[in-house]
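Trainee: Take a look at the following structure, please.
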Amino acid sequence: MGIGAAAGVAAVGGVALNAQASGTSGSSASSAPDSLRFDPDGYTTLTTTITDADGTDHDVTYHFWKAVTYVAKPVDAAYQCLNVSVPVEIDGKAVDASDAPILFANSVGGYMPSSVAEATGVGGGGMTGAPGGGASASPSTGTGSGEVASGGNAMVNGRGQMVSLPKLALAAGYVVVEPGARGRTLKNSAGEYYGTAPAAIVDLKAAVRYVRANKGRIPGDVDRIVSSGTSAGGALSSLLGASGDSPLYEKYLKEIGAADASDAIFATGAWCPITDLEHADGAYEWNWGSNATGGGTQVDQTVSNELRAQFAEYQASLKLKGLGGFGTLTARNYDTYLLKQYMEPSATTYLAALSDADREAYLAKNTFITWNGRKATFTWAGFLAHVGARKKSVPAFDAFDLSTGENNLFGKDTTQARHFTAYGLKHDSTGAGGTRVDADIPEKLRLMNPMHFLVGKANPGRGRHWWIRLGTNDSDTSHTVSANLAAAAAGLGDDVSHLYYWDEGHGANTDAGDFIAWIAKVSGYKKRVN
């Protein structure tokens with residue numbers, strides 16, 4: 001479906017997309033127009049076996065609502081739809097999820113389109129170019145942000161196994177909402193890009209509004225919505241948490257016919273968020289500038305050093321205090337902060353969990369680590385050498401040749417990719433030229449960056465609970481990005497749980513069970529079993 005597609009029932013890839021459901025409503029339901037009224041009886045009953053984080057199998061029977069369009073004026077209903085999964089029986093015992101927390105699990109990867117329209121059950125959404133018959137994905141622009149095609153909810157645990165947060169949440173008795181969203185590669189028949197910034201965050205906000213507008217129709221506690229996402233999806237999850245009810249998005253939400261309801265969420269789960277894009281190039285060079293590429297060569301050190309200087313200026317402007325009473329974070333002391341607050345504790349936890357023989361073998365192989373029997377210590381230089389090759393070139397995000405996924409993210413109309421930093425534009429190698437980024441870029445950067453809602457005048461509608469994770473070996477972005485996000489939220493008095501997984505790369509999730517338990521803790525929920 002192209003731009004301006006009307007609401008209704010559309011067949012995409014053989015799947016019926018339900019833009020309008022019946023007018024049945026419960027007494028506690030919020031006001032919603034007929035086209036955005038959720039049908040409580042429009043489900044299919046499914047049964048599946050879910051293995052929890054401890055390796056225990058659970059037989060789960062649940063109600064599944066498929067491909068429900070969440071806006072009145074969809075641009076592309078193949079993406080602007082959501083699935084809802086509600087447990088009704090777990091291991092033979094009836095479950096009442098009417099007041100359960102809601103896991104709002106996006107599967108965005110690389111700021112690519114994400115669709116749930118073809119899903120056959122919980123956890124079936126994923127990143128995609130386009131479903132059959134829909135808009136086309138650009139073959140010349142890569143996924144960016146180090147994404148894999150599985151999207152943002154299928155992550156890898158410490159045993160190399162895939163982890164599905166939606167399935168774990170369902171087995172824990174939670175309601176699961178899986179929204180689709182437009183992405184940067186979508187084009188209509190006129191060659192116009194209609195999924196570039198800020199489309200993805202606008203769509204996710206519209207989906208939250210739909211859920212909230214249907215309080216009492218959609219089971220679960222709409223005041224306890226917990227988002228989750230990985231990489232670009234983690235960035236969008238963070239942005240949902242930071243920007244709740246911000247008026248800056250209102251015109252975009254009205255354009256697509258979003259429900260007249262709150263888009264604030266209760267808590268955020270973000271894994272390796274690829275965010276703060278206008279400052280990401282400088283942060284990347286501060287972190288990985290001295291590391292060689294996978295081919296063993298050094299990137300242009302003049303460019304790297306110039307970008308590092310930009311990061312130093314930006315970091316100073318934030319005036320953030322580190323966790324644990326560290327003090328003000330600067331480019332000069334951030335390496336020490338990362339080591340003491342995150343890297344050494346992560347290595348210590350990892351080593352302590354090994355058998356004596358395995359620990360001895362690991363330390364013999366990784367001599368940069370000093371182990372006193374209780375704690376691991378090492379230098380920043382030793383850590384960087386341990387990680388090895390940097391994942392990206394320079395600049396990592398606003399490439400001089402406009403080749404990154406992030407360049408495509410800020411495309412417009414029939415222009416596939418644009419510069420979004422003055423530095424990238426100044427050194428453009430494509431002939432795009434110019435002395436200033438396009439006039440709409442600053443607003444779009446603000447709409448895509450959670451830091452704008454956490455630093456300075458904080459957004460009062462933000463979520464107050466944050467779960468932020470990434471691997472220590474993840475060089476898809478700088479480690480300062482998530483650390484700044486955590487420091488900004490903690491500085492506002494929010495509840496922040498932030499740590500790094502030792503020796504893990506991009507998309508890792510080695511404590512998924514802890515996240516599921518954390519949701520119950522912060523929401524105060526106790527599963528109701530009959």
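Ligands are numbered from 1 in the order shown, residues from 1 within each chain, and chains are lettered A, B, ... in the order they appear in the structure tokens.
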Contacts of Ser227 in chain A at 7 Å or less, counting only C-alpha atoms, minus same-chain residues fewer than 4 places along, as a list in words?
Mentor: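 Neighbouring residues, sequence-local ones excluded: Leu103, Phe104, Ala105, Ser237, Ala267, Thr268 and Gly269 of chain A.
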Trainee: Report the closest atom pair, with its distance in Å rounded to one decimal, for each residue of range 201-252 of chain A that has an atom no farther than 10 Å from range 71-81 of chain A; count only C-alpha atoms, sort by chain and then rising residue number, and write it as a Markdown table.
Mentor:
| residue | atom | partner | partner_atom | distance |
| --- | --- | --- | --- | --- |
| A:Asp203 | CA | A:Gln80 | CA | 6.6 |
| A:Leu204 | CA | A:Gln80 | CA | 8.6 |
| A:Ala206 | CA | A:Val71 | CA | 6.7 |
| A:Ala207 | CA | A:Val71 | CA | 7.6 |
| A:Arg209 | CA | A:Val71 | CA | 9.2 |
| A:Tyr210 | CA | A:Val71 | CA | 7.4 |
Trainee: Take the residues that were just selected and, keeping N, CA, C and O atoms, output them as a compact mmCIF listing (two decimals), in the first residue's frame.
Mentor:
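Below you can see part32.txt, which holds the result:
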# COMPACT_ATOMS: atom_id res chain seq x y z
N ASP A 203 5.15 5.92 14.44
CA ASP A 203 4.32 4.72 14.40
C ASP A 203 4.26 4.02 15.76
O ASP A 203 3.19 3.60 16.21
N LEU A 204 5.39 3.90 16.42
CA LEU A 204 5.39 3.23 17.73
C LEU A 204 4.59 4.02 18.75
O LEU A 204 3.87 3.44 19.58
N ALA A 206 2.04 5.90 17.99
CA ALA A 206 0.65 5.68 17.62
C ALA A 206 0.16 4.34 18.13
O ALA A 206 -1.00 4.21 18.55
N ALA A 207 1.02 3.33 18.10
CA ALA A 207 0.64 2.01 18.60
C ALA A 207 0.39 2.05 20.11
O ALA A 207 -0.55 1.43 20.62
N ARG A 209 -0.58 4.67 21.76
CA ARG A 209 -1.85 5.40 21.90
C ARG A 209 -3.04 4.48 21.64
O ARG A 209 -4.07 4.56 22.33
N TYR A 210 -2.91 3.62 20.65
CA TYR A 210 -3.99 2.68 20.35
C TYR A 210 -4.26 1.77 21.56
O TYR A 210 -5.41 1.54 21.94
Trainee: Which is closer to Pro442 in chain A than all the others in A:Leu470, A:Ala197, A:Val202, A:Val211, using only C-alpha atoms?
Mentor: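 Under the stated criterion, the closest residue is A:Ala197.
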Trainee: If we count only C-alpha atoms, what is near Thr472 in chain A at a cut-off of 9 Å, once residues fewer than 4 positions away on the same chain are taken out, given as a list in words?
Mentor: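 With the cut-off at 9 Å, the set is Tyr342, Met343, Ser346, Val387, His479, Tyr500, Tyr501, Trp502, Asp503, Glu504, Gly505 and His506 of chain A.
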Trainee: Keeping only C-alpha atoms, write those residues as a PDB file, in the first residue's frame.
Mentor:
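The result, stored in part_22.pdb:
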ATOM      1  CA  TYR A 342      31.117  -1.378  33.832  1.00  0.00           C
ATOM      2  CA  MET A 343      33.978  -3.276  32.225  1.00  0.00           C
ATOM      3  CA  SER A 346      31.474  -7.314  33.999  1.00  0.00           C
ATOM      4  CA  VAL A 387      38.013  -6.280  21.602  1.00  0.00           C
ATOM      5  CA  HIS A 479      30.059   2.506  24.768  1.00  0.00           C
ATOM      6  CA  TYR A 500      27.543  -4.718  30.016  1.00  0.00           C
ATOM      7  CA  TYR A 501      27.811  -8.395  29.059  1.00  0.00           C
ATOM      8  CA  TRP A 502      31.434  -9.509  29.096  1.00  0.00           C
ATOM      9  CA  ASP A 503      32.859 -10.710  25.751  1.00  0.00           C
ATOM     10  CA  GLU A 504      29.475 -10.424  24.075  1.00  0.00           C
ATOM     11  CA  GLY A 505      28.815  -8.625  20.816  1.00  0.00           C
ATOM     12  CA  HIS A 506      25.941  -6.788  19.182  1.00  0.00           C
TER      13      HIS A 506
END
Trainee: Quick one: residues within 9 Å of range 238-242 of chain A, only C-alpha atoms, excluding same-chain residues fewer than 5 positions away - as JSON, numbers by chain?
Mentor: {"A": [201, 204, 205, 226, 227, 228, 229, 233, 263, 264, 265, 266, 267, 268, 269, 270, 273, 275, 447, 448, 449, 450, 451, 452, 453, 454, 458, 459, 460, 461, 462, 463, 464, 465, 466, 468, 485, 489]}
Trainee: Going by DSSP on the backbone, which bits of range 271-477 of chain A are alpha helix (DSSP H)? Write them as a PyMOL selection string, please.
Mentor: chain A and resi 280-288+301-318+334-338+344-352+356-365+380-387+405-409+422-426+441-447
Trainee: Would you please work out which residue, of A:Ala171, A:Ala181, A:Ala258, A:Leu351, is nearest to Tyr194 in chain A when using only C-alpha atoms?
Mentor: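 Selected residue with least distance to Tyr194 in chain A: A:Ala181.
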Trainee: What gap, in Å, lies between CA of Ser262 in chain A and CA of Ala439 in chain A?
Mentor: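 Between CA of Ser262 in chain A and CA of Ala439 in chain A the gap is 29.3 Å.
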Trainee: Would you mind telling me which residue in A:Pro198, A:Ser98, A:Asn291, A:Ser85 lies nearest to Glu250 in chain A when using only C-alpha atoms?
Mentor: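 Checking each of A:Pro198, A:Ser98, A:Asn291, A:Ser85 against Glu250 in chain A, counting only C-alpha atoms, the winner is A:Pro198.
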Trainee: Residues at most 7 Å from Tyr111 in chain A, counting only C-alpha atoms, excluding those fewer than 4 positions away in the same chain, as number ranges by chain?
Mentor: A: 183-184, 232, 409
Trainee: Just give me the gap between CA of Ala169 in chain A and CA of Asp41 in chain A in Å, one decimal is fine.
Mentor: 22.1 Å
Trainee: Mind checking which residues fall within 10 Å of Ala352 in chain A, counting only C-alpha atoms, ignoring those fewer than 2 positions away in the same chain, and posting them as a PyMOL selection string?
Mentor: chain A and resi 347-350+354-356+359+373-376
